[in-house]
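Data from structure-v9.cif: mmCIF, C-alpha atoms and all ligand atoms
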data_entry
loop_
_atom_site.label_atom_id
_atom_site.label_comp_id
_atom_site.auth_asym_id
_atom_site.auth_seq_id
_atom_site.Cartn_x
_atom_site.Cartn_y
_atom_site.Cartn_z
CA MET A 18 -165.80 156.96 -82.44
CA SER A 19 -162.46 158.74 -83.00
CA ASN A 20 -159.42 158.24 -80.80
CA PRO A 21 -159.59 159.85 -77.37
CA ILE A 22 -158.07 163.31 -77.05
CA GLY A 23 -155.39 163.56 -74.35
CA VAL A 24 -155.36 166.40 -71.84
CA GLY A 25 -152.51 167.23 -69.44
CA LEU A 26 -152.69 169.64 -66.50
CA ILE A 27 -149.88 171.74 -65.09
CA GLY A 28 -150.97 172.85 -61.61
CA ALA A 29 -153.19 170.84 -59.28
CA GLY A 30 -154.33 173.66 -57.01
CA THR A 31 -157.94 174.70 -56.47
CA ILE A 32 -158.82 175.13 -60.15
CA GLY A 33 -156.70 172.17 -61.29
CA CYS A 34 -158.59 169.89 -58.92
CA GLY A 35 -161.91 171.22 -60.25
CA VAL A 36 -160.82 170.54 -63.83
CA ALA A 37 -159.66 167.00 -62.97
CA ARG A 38 -162.96 166.38 -61.20
CA LEU A 39 -165.02 167.50 -64.22
CA LEU A 40 -162.92 165.53 -66.71
CA LEU A 41 -163.16 162.34 -64.63
CA GLU A 42 -166.62 162.58 -63.09
CA SER A 43 -168.39 164.07 -66.14
CA ARG A 44 -166.45 161.93 -68.61
CA GLU A 45 -169.52 160.30 -70.13
CA LEU A 46 -171.42 163.55 -70.62
CA LEU A 47 -168.38 165.21 -72.17
CA THR A 48 -167.81 162.20 -74.46
CA GLN A 49 -171.38 162.49 -75.71
CA ARG A 50 -170.95 166.20 -76.36
CA VAL A 51 -167.51 166.03 -77.98
CA GLY A 52 -167.98 162.76 -79.85
CA THR A 53 -164.89 161.14 -78.35
CA PRO A 54 -163.50 160.75 -74.81
CA LEU A 55 -161.30 163.41 -73.26
CA ASN A 56 -158.56 161.48 -71.47
CA LEU A 57 -156.83 163.08 -68.50
CA VAL A 58 -153.33 161.74 -69.14
CA LYS A 59 -151.01 163.50 -66.66
CA VAL A 60 -151.22 166.11 -63.90
CA ALA A 61 -148.10 167.98 -62.75
CA ASP A 62 -147.69 169.70 -59.41
CA ILE A 63 -144.63 170.39 -57.30
CA ASP A 64 -146.30 169.39 -54.04
CA TRP A 65 -148.49 166.29 -53.75
CA GLU A 66 -148.55 166.38 -49.94
CA ARG A 67 -150.95 169.29 -49.38
CA ASP A 68 -154.69 168.80 -48.83
CA ARG A 69 -156.84 168.83 -51.92
CA THR A 70 -160.53 169.04 -52.68
CA PHE A 71 -160.27 166.16 -55.14
CA ASN A 72 -158.16 163.06 -55.06
CA ILE A 73 -156.26 162.95 -58.33
CA PRO A 74 -155.43 159.28 -59.12
CA GLU A 75 -151.85 158.42 -58.16
CA ASP A 76 -150.94 157.06 -61.60
CA LEU A 77 -151.68 160.45 -63.20
CA ARG A 78 -149.44 162.45 -60.86
CA THR A 79 -146.02 163.82 -61.64
CA THR A 80 -143.90 166.62 -60.24
CA GLU A 81 -142.47 167.47 -63.70
CA ALA A 82 -144.33 169.84 -66.02
CA GLU A 83 -142.12 168.54 -68.83
CA GLU A 84 -143.72 165.15 -68.47
CA VAL A 85 -147.08 166.69 -69.28
CA ILE A 86 -145.78 168.79 -72.16
CA ASN A 87 -143.77 165.96 -73.74
CA HIS A 88 -146.29 163.19 -73.20
CA PRO A 89 -147.10 161.76 -76.66
CA GLU A 90 -150.77 161.30 -75.76
CA VAL A 91 -151.27 164.88 -74.57
CA SER A 92 -152.73 167.13 -77.28
CA ILE A 93 -154.06 169.86 -74.98
CA VAL A 94 -151.87 171.33 -72.22
CA VAL A 95 -153.73 173.20 -69.50
CA GLU A 96 -151.64 175.72 -67.53
CA LEU A 97 -153.09 176.49 -64.11
CA ILE A 98 -150.12 177.55 -62.03
CA GLY A 99 -150.61 181.29 -62.55
CA GLY A 100 -147.93 183.99 -62.38
CA ILE A 101 -145.52 184.89 -65.15
CA GLU A 102 -142.70 182.37 -64.85
CA PRO A 103 -142.43 179.42 -65.22
CA ALA A 104 -146.00 179.51 -66.66
CA LYS A 105 -144.88 181.47 -69.72
CA SER A 106 -142.04 179.08 -70.55
CA PHE A 107 -144.32 176.06 -70.16
CA ILE A 108 -146.93 177.55 -72.49
CA ILE A 109 -144.39 178.54 -75.14
CA GLU A 110 -142.71 175.15 -74.93
CA ALA A 111 -146.06 173.37 -75.30
CA LEU A 112 -147.00 175.51 -78.31
CA ASN A 113 -143.58 174.91 -79.86
CA LYS A 114 -144.18 171.18 -79.49
CA GLY A 115 -147.42 171.51 -81.45
CA LYS A 116 -149.75 171.24 -78.46
CA HIS A 117 -152.87 173.33 -77.97
CA VAL A 118 -152.96 175.39 -74.79
CA VAL A 119 -155.64 176.38 -72.29
CA THR A 120 -154.81 178.83 -69.54
CA ALA A 121 -156.59 180.82 -66.83
CA ASN A 122 -153.60 183.13 -66.52
CA LYS A 123 -154.89 186.68 -67.05
CA ALA A 124 -151.75 188.29 -65.62
CA LEU A 125 -149.56 186.46 -68.14
CA LEU A 126 -151.83 187.23 -71.11
CA ALA A 127 -152.20 190.88 -70.09
CA GLU A 128 -148.47 191.32 -69.60
CA SER A 129 -146.95 189.00 -72.24
CA GLY A 130 -149.88 188.40 -74.57
CA LYS A 131 -148.01 189.48 -77.70
CA GLU A 132 -145.13 187.09 -77.14
CA ILE A 133 -147.53 184.19 -76.67
CA LEU A 134 -149.79 185.18 -79.55
CA ASP A 135 -146.81 185.36 -81.91
CA VAL A 136 -146.05 181.71 -81.18
CA VAL A 137 -149.73 180.75 -81.48
CA MET A 138 -149.99 182.46 -84.87
CA ARG A 139 -146.78 180.85 -86.10
CA ASP A 140 -147.58 177.35 -84.90
CA GLY A 141 -151.27 177.29 -85.76
CA ALA A 142 -152.32 176.01 -82.36
CA ASP A 143 -155.46 176.92 -80.44
CA LEU A 144 -155.23 179.06 -77.32
CA GLY A 145 -158.15 179.08 -74.88
CA PHE A 146 -158.42 181.52 -72.00
CA GLU A 147 -162.11 181.61 -71.06
CA ALA A 148 -161.30 181.15 -67.36
CA SER A 149 -159.05 184.20 -67.29
CA VAL A 150 -161.96 186.67 -67.11
CA ALA A 151 -164.98 186.42 -64.82
CA GLY A 152 -164.54 182.77 -63.82
CA GLY A 153 -167.50 180.72 -65.00
CA ILE A 154 -169.17 183.43 -67.12
CA PRO A 155 -168.56 182.67 -70.81
CA ILE A 156 -167.80 186.30 -71.64
CA ILE A 157 -164.89 185.56 -73.95
CA LEU A 158 -166.99 183.18 -76.02
CA ALA A 159 -169.73 185.81 -76.07
CA LEU A 160 -167.41 188.54 -77.37
CA ARG A 161 -165.66 186.25 -79.84
CA GLU A 162 -168.76 184.53 -81.23
CA GLY A 163 -172.17 185.57 -79.92
CA LEU A 164 -171.59 189.32 -80.28
CA VAL A 165 -169.21 189.11 -83.25
CA ALA A 166 -171.54 191.18 -85.47
CA ASN A 167 -171.42 194.15 -83.08
CA ARG A 168 -169.20 197.14 -82.59
CA ILE A 169 -168.87 197.28 -78.82
CA VAL A 170 -170.10 200.61 -77.52
CA GLY A 171 -169.18 199.97 -73.89
CA MET A 172 -168.63 197.42 -71.17
CA TYR A 173 -169.07 197.91 -67.43
CA GLY A 174 -167.83 194.99 -65.39
CA ILE A 175 -167.66 193.80 -61.83
CA ILE A 176 -164.83 191.42 -62.57
CA ASN A 177 -163.05 190.93 -59.29
CA GLY A 178 -164.97 188.67 -56.94
CA THR A 179 -162.76 189.38 -53.94
CA ALA A 180 -163.21 193.15 -54.16
CA ASN A 181 -166.94 192.78 -54.69
CA PHE A 182 -167.16 190.37 -51.77
CA ILE A 183 -165.34 192.87 -49.50
CA LEU A 184 -167.50 195.84 -50.57
CA THR A 185 -170.68 193.79 -50.15
CA LYS A 186 -169.70 192.60 -46.67
CA MET A 187 -168.80 196.15 -45.62
CA GLU A 188 -172.12 197.52 -46.91
CA ASP A 189 -174.47 194.73 -45.83
CA GLU A 190 -172.85 193.41 -42.65
CA ASN A 191 -170.73 196.31 -41.42
CA LEU A 192 -167.68 194.07 -41.56
CA SER A 193 -164.28 195.73 -41.54
CA PHE A 194 -162.18 195.62 -44.68
CA ASN A 195 -159.76 193.09 -43.14
CA GLU A 196 -162.47 190.78 -41.79
CA ALA A 197 -164.10 190.66 -45.21
CA LEU A 198 -160.76 190.01 -46.94
CA SER A 199 -159.97 187.08 -44.61
CA GLN A 200 -163.33 185.52 -45.43
CA ALA A 201 -162.73 185.93 -49.19
CA GLN A 202 -159.34 184.26 -48.85
CA ALA A 203 -160.77 181.38 -46.84
CA LEU A 204 -163.39 180.81 -49.55
CA GLY A 205 -160.70 180.61 -52.24
CA TYR A 206 -161.69 183.73 -54.22
CA ALA A 207 -158.53 185.76 -53.73
CA GLU A 208 -155.36 185.61 -55.79
CA ALA A 209 -152.24 184.09 -54.20
CA ASP A 210 -151.27 187.70 -53.58
CA PRO A 211 -154.55 189.40 -52.56
CA THR A 212 -153.00 192.84 -53.10
CA LEU A 213 -153.77 192.31 -56.78
CA ASP A 214 -157.47 191.93 -56.00
CA ILE A 215 -157.61 194.95 -53.72
CA ASN A 216 -155.49 197.38 -55.70
CA GLY A 217 -157.40 196.76 -58.92
CA THR A 218 -154.58 195.02 -60.81
CA ASP A 219 -156.45 191.73 -61.21
CA ALA A 220 -159.48 193.54 -62.64
CA ALA A 221 -157.13 195.56 -64.86
CA HIS A 222 -155.58 192.37 -66.26
CA LYS A 223 -159.08 191.19 -67.15
CA ALA A 224 -160.01 194.61 -68.58
CA VAL A 225 -156.98 194.39 -70.89
CA LEU A 226 -158.28 191.09 -72.27
CA LEU A 227 -161.87 192.30 -72.66
CA ALA A 228 -160.77 195.51 -74.38
CA SER A 229 -158.47 193.57 -76.72
CA LEU A 230 -161.30 191.22 -77.71
CA ALA A 231 -163.73 194.08 -78.23
CA TYR A 232 -161.53 196.58 -80.02
CA GLY A 233 -159.01 194.45 -81.95
CA ARG A 234 -155.79 195.76 -80.48
CA LEU A 235 -153.65 193.92 -77.94
CA PHE A 236 -153.77 196.40 -75.07
CA GLN A 237 -151.40 196.25 -72.10
CA LEU A 238 -151.57 197.00 -68.42
CA PRO A 239 -150.16 200.57 -68.73
CA ASP A 240 -153.14 201.37 -71.01
CA VAL A 241 -155.46 200.98 -68.02
CA HIS A 242 -156.04 203.66 -65.39
CA VAL A 243 -156.18 201.62 -62.16
CA GLU A 244 -157.36 202.50 -58.66
CA GLY A 245 -158.25 199.93 -56.00
CA ILE A 246 -160.59 199.74 -53.04
CA GLU A 247 -157.93 200.17 -50.32
CA GLU A 248 -159.12 203.65 -49.45
CA ILE A 249 -162.86 202.94 -49.44
CA ASP A 250 -164.20 204.02 -46.08
CA ILE A 251 -167.41 202.79 -44.51
CA ARG A 252 -168.49 206.46 -44.28
CA ASP A 253 -168.39 206.79 -48.07
CA ILE A 254 -170.38 203.58 -48.44
CA ARG A 255 -173.05 205.02 -46.09
CA TYR A 256 -173.17 208.50 -47.68
CA ALA A 257 -173.41 206.92 -51.12
CA GLN A 258 -176.25 204.73 -49.85
CA GLU A 259 -178.11 207.80 -48.53
CA MET A 260 -177.85 209.40 -51.95
CA GLY A 261 -179.14 206.24 -53.67
CA TYR A 262 -175.84 204.74 -54.78
CA THR A 263 -173.73 201.64 -54.11
CA ILE A 264 -169.94 201.63 -54.34
CA LYS A 265 -168.54 198.99 -56.71
CA LEU A 266 -165.10 198.32 -58.16
CA LEU A 267 -165.88 198.75 -61.86
CA ALA A 268 -163.93 197.99 -65.00
CA ILE A 269 -165.06 200.46 -67.65
CA ILE A 270 -164.21 199.98 -71.29
CA LYS A 271 -165.97 202.28 -73.68
CA GLY A 272 -165.52 204.28 -76.81
CA GLU A 273 -165.61 204.36 -80.56
CA GLN A 274 -163.49 202.19 -82.80
CA GLU A 275 -160.79 204.93 -82.90
CA GLN A 276 -160.47 205.81 -79.21
CA VAL A 277 -161.27 203.81 -76.10
CA GLU A 278 -161.27 204.44 -72.35
CA ILE A 279 -160.01 201.55 -70.23
CA ARG A 280 -160.20 202.15 -66.51
CA VAL A 281 -160.67 200.27 -63.24
CA HIS A 282 -161.68 202.19 -60.14
CA PRO A 283 -164.32 202.32 -57.43
CA ALA A 284 -167.49 204.00 -58.65
CA LEU A 285 -170.87 205.03 -57.31
CA VAL A 286 -173.50 203.06 -59.22
CA PRO A 287 -177.21 203.90 -58.83
CA SER A 288 -178.65 201.43 -56.31
CA GLN A 289 -181.46 200.59 -58.74
CA HIS A 290 -179.02 199.55 -61.46
CA THR A 291 -178.61 195.80 -62.00
CA LEU A 292 -174.86 196.09 -61.38
CA SER A 293 -175.58 197.33 -57.85
CA LYS A 294 -177.46 194.11 -57.14
CA VAL A 295 -174.39 191.99 -57.90
CA LYS A 296 -173.33 190.81 -54.46
CA GLY A 297 -170.49 188.84 -52.92
CA ALA A 298 -168.08 187.01 -55.20
CA PHE A 299 -170.48 187.18 -58.14
CA ASN A 300 -169.31 188.96 -61.26
CA ALA A 301 -171.33 190.74 -63.91
CA ILE A 302 -170.49 192.40 -67.18
CA TYR A 303 -172.83 194.79 -68.90
CA VAL A 304 -172.00 194.85 -72.60
CA GLU A 305 -173.60 197.18 -75.10
CA GLY A 306 -173.25 196.41 -78.79
CA ASP A 307 -174.37 198.66 -81.63
CA ALA A 308 -176.68 195.98 -83.05
CA VAL A 309 -177.77 193.98 -80.02
CA GLY A 310 -178.13 196.90 -77.58
CA PRO A 311 -177.57 196.25 -73.88
CA THR A 312 -176.76 192.74 -72.64
CA MET A 313 -175.83 191.51 -69.18
CA PHE A 314 -173.71 188.51 -68.19
CA TYR A 315 -173.87 187.37 -64.59
CA GLY A 316 -172.43 184.48 -62.62
CA LYS A 317 -169.73 183.25 -60.32
CA GLY A 318 -166.47 184.97 -61.10
CA ALA A 319 -164.17 182.92 -58.92
CA GLY A 320 -163.91 179.63 -57.08
CA GLU A 321 -163.08 176.05 -57.95
CA MET A 322 -165.96 174.68 -60.00
CA PRO A 323 -167.12 177.86 -61.81
CA THR A 324 -163.56 178.46 -63.03
CA ALA A 325 -163.14 174.76 -63.87
CA SER A 326 -166.35 174.99 -65.93
CA ALA A 327 -164.69 177.69 -68.07
CA VAL A 328 -161.43 175.75 -68.43
CA VAL A 329 -163.25 172.61 -69.55
CA SER A 330 -165.30 174.64 -72.05
CA ASP A 331 -162.00 175.63 -73.71
CA ILE A 332 -160.80 172.01 -73.68
CA VAL A 333 -164.04 170.92 -75.37
CA ALA A 334 -163.86 173.71 -77.97
CA ILE A 335 -160.30 172.72 -78.86
CA ALA A 336 -161.16 169.01 -78.93
CA ARG A 337 -164.03 169.73 -81.32
CA ASN A 338 -161.68 171.74 -83.54
CA ILE A 339 -159.18 168.88 -83.55
CA LEU A 340 -161.90 166.40 -84.52
CA SER A 341 -163.14 168.51 -87.40
CA GLY A 342 -159.62 169.50 -88.56
CA ALA A 343 -160.48 173.13 -87.85
CA SER A 344 -157.91 174.27 -85.31
CA ARG A 345 -157.71 178.06 -85.14
CA ARG A 346 -161.24 178.31 -86.56
CA THR A 347 -161.44 181.52 -84.57
CA ALA A 348 -158.52 183.79 -83.76
CA PRO A 349 -157.76 183.88 -80.02
CA PHE A 350 -158.73 187.55 -79.76
CA SER A 351 -161.45 187.29 -82.41
CA TYR A 352 -159.71 189.59 -84.92
CA ARG A 353 -157.59 187.86 -87.59
CA ASN A 354 -155.22 190.81 -87.51
CA LEU A 355 -154.80 192.87 -84.39
CA SER A 356 -154.03 196.47 -85.28
CA ASN A 357 -152.50 199.33 -83.36
CA GLY A 358 -154.97 201.82 -84.77
CA VAL A 359 -157.18 202.17 -81.70
CA LYS A 360 -155.96 204.88 -79.33
CA VAL A 361 -156.42 204.89 -75.58
CA LYS A 362 -158.10 208.03 -74.28
CA PRO A 363 -155.85 209.74 -71.71
CA MET A 364 -157.40 209.67 -68.24
CA SER A 365 -157.08 213.46 -68.02
CA GLU A 366 -159.66 213.76 -70.85
CA VAL A 367 -162.20 211.38 -69.35
CA GLU A 368 -165.55 212.91 -68.40
CA SER A 369 -167.50 211.78 -65.37
CA ARG A 370 -169.67 212.90 -62.51
CA TYR A 371 -167.89 212.97 -59.16
CA TYR A 372 -168.55 212.30 -55.47
CA MET A 373 -166.26 214.37 -53.25
CA ARG A 374 -165.95 214.14 -49.48
CA PHE A 375 -164.16 217.11 -47.95
CA SER A 376 -162.92 217.02 -44.36
CA VAL A 377 -163.15 220.64 -43.34
CA LEU A 378 -163.39 222.95 -40.36
CA ASP A 379 -166.96 223.92 -39.52
CA LYS A 380 -166.63 227.66 -40.15
CA PRO A 381 -168.48 230.33 -42.12
CA GLY A 382 -167.25 230.68 -45.70
CA VAL A 383 -165.93 227.13 -46.05
CA LEU A 384 -168.49 226.04 -48.61
CA SER A 385 -168.09 229.19 -50.67
CA SER A 386 -164.28 228.75 -50.79
CA ILE A 387 -164.65 225.22 -52.10
CA ALA A 388 -167.48 226.06 -54.48
CA GLY A 389 -165.47 229.03 -55.76
CA ILE A 390 -162.49 226.89 -56.72
CA LEU A 391 -164.71 224.25 -58.34
CA GLY A 392 -166.49 227.03 -60.26
CA ASN A 393 -163.19 228.50 -61.44
CA HIS A 394 -162.39 225.14 -63.00
CA GLY A 395 -165.77 224.90 -64.71
CA ILE A 396 -167.09 222.23 -62.32
CA SER A 397 -170.77 222.51 -61.54
CA ILE A 398 -172.18 221.21 -58.24
CA GLU A 399 -175.30 219.05 -58.32
CA SER A 400 -175.87 218.62 -54.56
CA VAL A 401 -174.19 219.22 -51.19
CA ILE A 402 -174.68 217.68 -47.77
CA GLN A 403 -172.90 218.50 -44.55
CA LYS A 404 -172.96 215.68 -42.04
CA GLY A 405 -173.28 216.93 -38.46
CA HIS A 406 -171.38 219.84 -37.02
CA GLN A 407 -168.01 220.26 -35.36
CA THR A 408 -168.00 219.64 -31.63
CA HIS A 409 -165.05 217.69 -30.27
CA ARG A 410 -164.07 216.42 -33.67
CA GLU A 411 -161.30 218.09 -35.59
CA SER A 412 -163.32 218.32 -38.82
CA VAL A 413 -166.72 217.72 -40.40
CA PRO A 414 -167.43 215.88 -43.62
CA VAL A 415 -168.99 217.81 -46.49
CA VAL A 416 -170.16 215.63 -49.37
CA MET A 417 -170.70 217.03 -52.87
CA MET A 418 -171.90 215.52 -56.10
CA THR A 419 -170.91 217.27 -59.30
CA HIS A 420 -172.41 217.38 -62.75
CA HIS A 421 -170.27 216.03 -65.59
CA ALA A 422 -166.75 217.41 -65.45
CA ILE A 423 -163.39 216.69 -67.06
CA GLU A 424 -160.92 214.69 -64.99
CA GLU A 425 -158.05 217.10 -65.53
CA HIS A 426 -160.12 220.04 -64.25
CA VAL A 427 -161.27 218.05 -61.22
CA GLN A 428 -157.74 217.00 -60.29
CA LYS A 429 -156.47 220.60 -60.58
CA ALA A 430 -159.36 221.94 -58.48
CA LEU A 431 -158.79 219.33 -55.75
CA LYS A 432 -155.10 220.16 -55.57
CA GLU A 433 -156.02 223.76 -54.87
CA ILE A 434 -158.78 222.87 -52.43
CA ASP A 435 -156.58 220.50 -50.44
CA LYS A 436 -154.11 223.36 -49.87
CA LEU A 437 -156.76 225.53 -48.17
CA PRO A 438 -156.17 225.97 -44.42
CA ILE A 439 -159.79 224.96 -43.75
CA VAL A 440 -159.21 221.50 -45.28
CA VAL A 441 -158.04 219.04 -42.62
CA HIS A 442 -157.60 215.79 -44.62
CA PRO A 443 -157.10 215.09 -48.32
CA THR A 444 -160.41 215.03 -50.18
CA VAL A 445 -161.92 211.67 -51.09
CA LEU A 446 -162.86 211.48 -54.77
CA ILE A 447 -164.99 208.71 -56.28
CA ARG A 448 -166.37 208.77 -59.82
CA VAL A 449 -170.08 208.30 -60.41
CA GLU A 450 -171.35 206.11 -63.26
CA GLY A 451 -174.79 205.69 -64.73
N1 LIG B 501 -159.04 186.69 -57.52
C1 LIG B 501 -159.99 186.67 -58.57
C2 LIG B 501 -161.25 187.34 -58.07
C3 LIG B 501 -160.26 185.25 -58.99
O1 LIG B 501 -161.37 187.59 -56.88
O2 LIG B 501 -162.11 187.65 -58.89
C4 LIG B 501 -160.77 185.10 -60.37
O3 LIG B 501 -159.95 185.67 -61.32
#
Take the structure in the file and give it back as structure tokens.
Amino acid sequence: MSNPIGVGLIGAGTIGCGVARLLLESRELLTQRVGTPLNLVKVADIDWERDRTFNIPEDLRTTEAEEVINHPEVSIVVELIGGIEPAKSFIIEALNKGKHVVTANKALLAESGKEILDVVMRDGADLGFEASVAGGIPIILALREGLVANRIVGMYGIINGTANFILTKMEDENLSFNEALSQAQALGYAEADPTLDINGTDAAHKAVLLASLAYGRLFQLPDVHVEGIEEIDIRDIRYAQEMGYTIKLLAIIKGEQEQVEIRVHPALVPSQHTLSKVKGAFNAIYVEGDAVGPTMFYGKGAGEMPTASAVVSDIVAIARNILSGASRRTAPFSYRNLSNGVKVKPMSEVESRYYMRFSVLDKPGVLSSIAGILGNHGISIESVIQKGHQTHRESVPVVMMTHHAIEEHVQKALKEIDKLPIVVHPTVLIRVEG
């Protein structure tokens, strides 16, 4: 058997503890699968006092990340502290020292991916980031290897467990937004700053990585149109339900090889569609390739052990490469050369169907005013429902579904509609997929 391969962790939080647990408790199994032991050599964290789910042996602990990076026995440095700095400096330093790196840090890769990739390419190290998208689901491996023969036609993902947990709790248990969020935080699904989960940024970071893997260009956060679930109202969840839809926070990446749409926003998904059945903190990604057709990946997208499973899969892949002298067998983003050729479709040109909820006075002529403006902008109405009638309330909701329309036309029409004296509150707009 070859010499053991040394692994060092920076960050002993929830995921770090899960990784340490797998490396220590599944050591024998991993040794059989790799062909040599994976030795956990050092674990760095700034605070060893707080409660942990796993007791990391005292002799492995340090408070200095440098001790992990510089340790002569550490070949693979695993960064699990999240955030941009000091994570970025630690990763670059490790790569510069000839170490391979595994990270779960989607924000860092989405925001500073180029800087890190330049060092990876120069130094010939391996970079693993399976845990950065959809927790335990091996979607990065699937795009890089299993689906490598395909042009990706489209991907539709539920890739934020916290947002999906909140929407599920609101729909199934009538919980308020805040009650559901507190539960998600207590279960360890949410980011340190849960705003990123709720406002769509976390899903957008992941969408950047998925799009880059699929289309061969290193996209960035500004390439993504992002809307969160902050404004989702229980009334819209119920009206959508009545019309046969479920509201999900979707990441949508689709297009040809020349032009791609990358967007994250709430969407009405037909209740019969498999994506609608994805509940709680589970994630799912529907991927359609030109050769394989539709595929679906489903599993736990957050939490200690599912994410640790993904991190350890990267460690094993790198260890196997080391053993066979084949580091960088695959390029981190699948393509040997990332190009800038693929354009991002401007949001204004995107086509969709739309759900609109108008808050209007209950008076004759209201519907025709709204329909007139929509018609002037070439937007065709598929169905209309008015819920109740005005008694003591200041307005009534009118819900419309449109046929396919162009985003720019819809936005212009709504601007005009919202200026009408009969419109009491700004119109709620949610796109409809499928
Ligand atoms: N906060 C993320 C989520 C964790 O809720 O999906 C996994 O990236």
Spatial neighbours of Leu184 (chain A), 12 Å, all atoms listed in the file, chain gap at least 5 places, as a PDB file with C-alpha atoms, in the coordinates of the input:
ATOM      1  CA  ILE A 175    -167.660 193.800 -61.830  1.00  0.00           C
ATOM      2  CA  ASN A 177    -163.050 190.930 -59.290  1.00  0.00           C
ATOM      3  CA  GLY A 178    -164.970 188.670 -56.940  1.00  0.00           C
ATOM      4  CA  THR A 179    -162.760 189.380 -53.940  1.00  0.00           C
ATOM      5  CA  ASP A 189    -174.470 194.730 -45.830  1.00  0.00           C
ATOM      6  CA  GLU A 190    -172.850 193.410 -42.650  1.00  0.00           C
ATOM      7  CA  ASN A 191    -170.730 196.310 -41.420  1.00  0.00           C
ATOM      8  CA  LEU A 192    -167.680 194.070 -41.560  1.00  0.00           C
ATOM      9  CA  SER A 193    -164.280 195.730 -41.540  1.00  0.00           C
ATOM     10  CA  PHE A 194    -162.180 195.620 -44.680  1.00  0.00           C
ATOM     11  CA  ASN A 195    -159.760 193.090 -43.140  1.00  0.00           C
ATOM     12  CA  GLU A 196    -162.470 190.780 -41.790  1.00  0.00           C
ATOM     13  CA  ALA A 197    -164.100 190.660 -45.210  1.00  0.00           C
ATOM     14  CA  LEU A 198    -160.760 190.010 -46.940  1.00  0.00           C
ATOM     15  CA  ALA A 201    -162.730 185.930 -49.190  1.00  0.00           C
ATOM     16  CA  ILE A 215    -157.610 194.950 -53.720  1.00  0.00           C
ATOM     17  CA  GLY A 245    -158.250 199.930 -56.000  1.00  0.00           C
ATOM     18  CA  ILE A 246    -160.590 199.740 -53.040  1.00  0.00           C
ATOM     19  CA  GLU A 247    -157.930 200.170 -50.320  1.00  0.00           C
ATOM     20  CA  GLU A 248    -159.120 203.650 -49.450  1.00  0.00           C
ATOM     21  CA  ILE A 249    -162.860 202.940 -49.440  1.00  0.00           C
ATOM     22  CA  ASP A 250    -164.200 204.020 -46.080  1.00  0.00           C
ATOM     23  CA  ILE A 251    -167.410 202.790 -44.510  1.00  0.00           C
ATOM     24  CA  ASP A 253    -168.390 206.790 -48.070  1.00  0.00           C
ATOM     25  CA  ILE A 254    -170.380 203.580 -48.440  1.00  0.00           C
ATOM     26  CA  ARG A 255    -173.050 205.020 -46.090  1.00  0.00           C
ATOM     27  CA  THR A 263    -173.730 201.640 -54.110  1.00  0.00           C
ATOM     28  CA  ILE A 264    -169.940 201.630 -54.340  1.00  0.00           C
ATOM     29  CA  LYS A 265    -168.540 198.990 -56.710  1.00  0.00           C
ATOM     30  CA  LEU A 266    -165.100 198.320 -58.160  1.00  0.00           C
ATOM     31  CA  LEU A 267    -165.880 198.750 -61.860  1.00  0.00           C
ATOM     32  CA  PRO A 283    -164.320 202.320 -57.430  1.00  0.00           C
ATOM     33  CA  ALA A 284    -167.490 204.000 -58.650  1.00  0.00           C
ATOM     34  CA  LEU A 285    -170.870 205.030 -57.310  1.00  0.00           C
ATOM     35  CA  SER A 293    -175.580 197.330 -57.850  1.00  0.00           C
ATOM     36  CA  VAL A 295    -174.390 191.990 -57.900  1.00  0.00           C
ATOM     37  CA  LYS A 296    -173.330 190.810 -54.460  1.00  0.00           C
ATOM     38  CA  GLY A 297    -170.490 188.840 -52.920  1.00  0.00           C
ATOM     39  CA  ALA A 298    -168.080 187.010 -55.200  1.00  0.00           C
ATOM     40  CA  PHE A 299    -170.480 187.180 -58.140  1.00  0.00           C
TER      41      PHE A 299
END
If you take all atoms listed in the file and a cut-off of 6 Å, which residues of chain A touch ligand LIG 501 (chain B), and what are their nearest atom pairs and distances in Å to one decimal, in chain and number order, as a Markdown table?
| residue | atom | partner | partner_atom | distance |
| --- | --- | --- | --- | --- |
| A:Gly152 | CA | B:LIG501 | C4 | 5.6 |
| A:Ile176 | CA | B:LIG501 | O2 | 5.9 |
| A:Asn177 | CA | B:LIG501 | O2 | 3.4 |
| A:Gly178 | CA | B:LIG501 | O2 | 3.6 |
| A:Thr179 | CA | B:LIG501 | O1 | 3.7 |
| A:Tyr206 | CA | B:LIG501 | O1 | 4.7 |
| A:Ala207 | CA | B:LIG501 | N1 | 3.9 |
| A:Glu208 | CA | B:LIG501 | N1 | 4.2 |
| A:Asp214 | CA | B:LIG501 | N1 | 5.7 |
| A:Gly318 | CA | B:LIG501 | O2 | 5.6 |
| A:Ala319 | CA | B:LIG501 | C4 | 4.3 |
Any chance you could tabulate, as CSV, the residues of region 121-170 of chain A at most 8 Å from region 321-327 of chain A with each one's nearest atom pair and distance in Å to one decimal, using only C-alpha atoms, in chain and rising number order?
residue,atom,partner,partner_atom,distance
A:Glu147,CA,A:Ala327,CA,5.6
A:Ala148,CA,A:Ala327,CA,4.9
A:Gly152,CA,A:Thr324,CA,4.5
A:Gly153,CA,A:Pro323,CA,4.3
A:Ile154,CA,A:Ala327,CA,7.3
A:Pro155,CA,A:Ala327,CA,6.9
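With distances taken over all atoms listed in the file, A:Phe375 is the one residue among A:Phe375, A:Ser341, A:Ala308, A:Ser385 lying closest to Gln403 (chain A).
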For Thr218 (chain A), the nearest of the candidates A:Met364, A:Ala231, A:Ala124, A:Val137, counting only C-alpha atoms: A:Ala124
Residue nearest Asn216 (chain A) among A:Arg161, A:His394, A:Arg168, A:His282 (counting all atoms listed in the file): A:His282
